[in-house]
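To start, the structure itself, in structure tokens.
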Amino acid sequence: MDTLTRKRPRHSPMARLSRMQQDGKLTTILFFLPPALVLFTIFVIWPIINAAHLSFFKWSGYGEVTNFVGMQNYQRLVGHSVFHQSMWNSLKLVLASILIQIPLALAMALLIYRKTTVNTAFRLIFFAPYILAEIATGLIWSFIFDGDYGVSGQIATALGIEPIYILADRQYAFMAIITVIVWKYFGYHMMIFIAALQAVPSDLIEAADIDGAGPWQKVFYVKLPLIAHAIKLSAFFAIIGALQVFDIIIPLTNGGPSNSTHSIVSYLYTYGLAQLNVGYGSAVGVVLFILCLVSAFGYRRLALTKGDVL
Amino acid sequence: MTRSGFFPALLRAAVLSIVAGIVILPLLSTFLGGFKTMGELRSSPFGIPAIWDLSTYSDILFSPLFWTYMRNSLVVSLSAVVLTLLSASMAAYVFAQIRFFGSRYIQSYLLLGLMFPFATAIVPLFIQIRDLNLLDNPLGIILPQTAFSMAFAVVLLRSFFQQLPKELFEAAYVDGCGYIGFFFRFTLPLSTPILATVGTFVFVQSWNNYLLPLVVLNDRSLYTWPLGIMQFRGEFLIEWNKILAFVSLTILPALIFFTFTQKYIVAGLTRGSVKG
């Protein structure tokens, strides 16, 4: 507590420690900090450090780690066409997010950000897919896209043509995945924008009204500039999200057809973990880690230069 | 935009209804699909069932495996919530209430956890869990999930604790209440809104998690529901009515839970994103 510590004269470290002990501060620190720190270190930090270490070895997960292979895992990764595809897919997800998902979320947020009963109902509906488990979402949409039963089956029957199996088609499978991801997450981005729009001071809108601004002018010259930080944050979340996609791909395509729809994580799972190539999986993990780090720092720079903070 | 006339209002209503339709239709057809026979599902995947066949739903509801999956998931998620709330709020309390050497470093250390998803280290994490003998053990999911929620939980809790009135602690301190006593008697009871927010978030994440249980659990009797549902799908590959019924029964509690807790979910999601 500020007021209690300020009066205290400076003492030697030992004296400070014993003073802390009298307050019961030391006991509190010693009892309260370790659970969080120990769990965090064992299950978050240590595996990350270990990933960096193991990525230089070829190891099946059993026995001693002795087979040092240098950069071999990374070289294999850089040369693997399926990995290129998974990186490209992640990039496509980011682009889809920025070009489709965020504009859609913004439009919906602008339409329903005011607090009315009807708006609240729409808000709940649009946000509901975000709550669903990715696995359940993937299963639902694999039914919708099923050539025999779902939408494409229905359309094909109506047109009297052969059914198209969207998820088994190299050309369309990833577009289908993008559709599902936009469906599931646009409500999440919309919520961020709604919160930001509600925080826009109403006198600014009124001032624009008095100046005779039309609805579109108000959107583009008042509202959007005022929620720019939320849009940036949202784009950042979209990037981090695109790097993490996994659960949703497994029930939809499981990375197929012919490995064309892998995300980085599903690639990591298929080539690193499922086959217990510990070194190789760790190398993919390290690359993913660096991508996350770069986007986090990139975001901070971008946000900080404009005077916002995360 | 709504005040400017009839046509814009109509357009607005039309746009909103179309988007809402696209969101609801897949969910509705999943729910209805569970009542249909395979033949009807094929001829009319999105319509109202001609005959409401209850047998698919009841078969699942009477199968003990379904309840095993649900119970396992509930045990895992609730444990992760309790453990996260307890350990994170204790740590956050220390950061908010006590000034000591190293506090900043420890906080920055924990903040590292905000930066990456646990997929990055899933392979070494698997080795770690195995070496701790926690494979095929619910703790092998609960503890890592708690650890990965820690950074986010500590950040939210700390900023809330810092906003509690300082005078309260001073008064309690004069009355002989120590730091630990104050935490349990005042800080926690005063922090129920933020505890609910963090708890709901951790719960949803844990309940929906697939990758970690997939890696940790082999024994079918320990499966959480996402693993169970994928297993079920593997068995009834194209019997869509069974799969849709199973999906409906697992997402229904989630949607009900959501309608009651959306206030907290939205709070957790927008906190920190509004002011930047």
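Ordered as shown in the structure tokens, chains take letters A, B, and onward, while each chain numbers its residues from 1 and ligands are numbered from 1 in the order shown.
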- request: Quick one: everything within 12 Å of Thr261 of chain B, counting only C-alpha atoms, minus sequence neighbours fewer than 4 positions away in the same chain. Send it as a list in words.
  value: Leu124, Ala128 and Ile131 of chain A; Pro193, Ala196, Thr197, Val198, Gly199, Thr200, Phe201, Phe203, Val204, Ala254, Leu255, Ile256, Phe257, Ile265, Val266, Ala267 and Gly268 of chain B
Tell me which protein, DNA and RNA residues are within 10 Å of Ile42 of chain A, counting only C-alpha atoms, leaving out same-chain ones fewer than 4 positions away, and put them as an mmCIF file with C-alpha atoms, in the first residue's frame.
```
data_model
loop_
_atom_site.group_PDB
_atom_site.id
_atom_site.type_symbol
_atom_site.label_atom_id
_atom_site.label_comp_id
_atom_site.auth_asym_id
_atom_site.auth_seq_id
_atom_site.Cartn_x
_atom_site.Cartn_y
_atom_site.Cartn_z
ATOM 1 C CA LEU A 37 4.250 -19.149 -11.488
ATOM 2 C CA VAL A 38 4.944 -22.849 -11.157
ATOM 3 C CA TRP A 46 9.339 -24.747 -20.378
ATOM 4 C CA PRO A 47 7.696 -26.416 -23.419
ATOM 5 C CA ILE A 48 8.457 -23.335 -25.537
ATOM 6 C CA LEU B 125 4.021 -30.035 -24.051
ATOM 7 C CA GLN B 128 6.191 -32.828 -20.642
ATOM 8 C CA ILE B 129 2.744 -34.204 -19.785
ATOM 9 C CA LEU B 143 -3.196 -28.095 -15.516
ATOM 10 C CA PRO B 144 -2.001 -26.973 -18.983
ATOM 11 C CA ALA B 147 -1.427 -22.443 -17.204
#
```
field: Which of segment 12-231 of chain A DSSP labels helix (DSSP H, G or I), written as a VMD selection string
entry: chain A and resid 13 to 23 25 to 54 72 to 79 81 to 112 117 to 131 134 to 144 151 to 159 166 to 168 173 to 198 202 to 210 215 to 226 228 to 231
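Proximity of B:Gly181, B:Pro253, B:Pro138, B:Gly176 to Ser77 of chain B, computed with only C-alpha atoms, is greatest for B:Pro138.
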- request: Would you kindly return, as a ChimeraX atom specification, each protein, DNA or RNA residue with an atom no farther than 8 Å from any atom of Ser142 of chain A, considering only C-alpha atoms and excluding same-chain residues fewer than 5 positions away?
  value: /A:167,251-252
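Between chain B and the residues A:Val69, A:Leu159, A:Ala36, A:Leu106, the shortest atom-to-atom distance, using only C-alpha atoms, involves A:Ala36.
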- request: Give me the residues within 9 Å of Gln97 of chain B as a VMD selection string, counting only C-alpha atoms and dropping any in the same chain fewer than 4 places off.
  value: (chain A and resid 1) or (chain B and resid 92 to 93 161 to 162 179)
Could the residues in this selection be saved with C-alpha atoms as a tab-separated table (two decimals), in the first residue's frame?
```
chain	number	residue	atom	x	y	z
A	1	MET	CA	0.00	0.00	0.00
B	92	ALA	CA	-2.98	-10.72	-9.28
B	93	TYR	CA	-3.62	-9.71	-5.66
B	161	PHE	CA	-8.12	-5.28	-7.94
B	162	GLN	CA	-6.20	-2.05	-8.46
B	179	TYR	CA	-2.97	-9.33	3.66
```
message: Which residues are close to Ile140 of chain A, i.e. within 8 Å by only C-alpha atoms, leaving aside same-chain residues fewer than 5 positions away? Reply as a ChimeraX atom specification.
response: /B:26-27,30,244,247
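Interatomic distance, atom CA of Asp169 of chain A to atom CA of Gly256 of chain A: 8.9 Å.
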task: Rank B:Ser58, B:Asn137, B:Thr146, B:Ser159 by their smallest atom-to-atom distance to chain A, using only C-alpha atoms, and report the top residue only.
output: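 Checking each of B:Ser58, B:Asn137, B:Thr146, B:Ser159 against chain A, counting only C-alpha atoms, the winner is B:Thr146.
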Please list as a PDB file with C-alpha atoms, in the first residue's frame every residue within 8 Å of segment 198-207 of chain A, counting only C-alpha atoms and excluding residues in the same chain fewer than 6 positions away.
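Result saved to result.pdb:
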```pdb
ATOM      1  CA  TYR A 113     -24.758  -0.651 -32.180  1.00  0.00           C
ATOM      2  CA  ARG A 114     -27.525   1.447 -30.610  1.00  0.00           C
ATOM      3  CA  LYS A 218     -21.029  10.505 -40.439  1.00  0.00           C
ATOM      4  CA  VAL A 222     -16.740  10.626 -37.699  1.00  0.00           C
ATOM      5  CA  LYS A 223     -17.439   7.066 -36.623  1.00  0.00           C
ATOM      6  CA  LEU A 226     -12.967   7.303 -33.964  1.00  0.00           C
ATOM      7  CA  ILE A 227     -12.931   3.517 -33.797  1.00  0.00           C
TER       8      ILE A 227
ATOM      9  CA  VAL B 274     -12.342  -0.192 -26.111  1.00  0.00           C
TER      10      VAL B 274
END
```
- prompt: Which polymer residues have any atom within 8 Å of an atom of Asn89 of chain A, counting only C-alpha atoms, with same-chain residues fewer than 3 positions away left out, as a PyMOL selection string?
  reply: chain A and resi 85-86+92-93+174+261-263
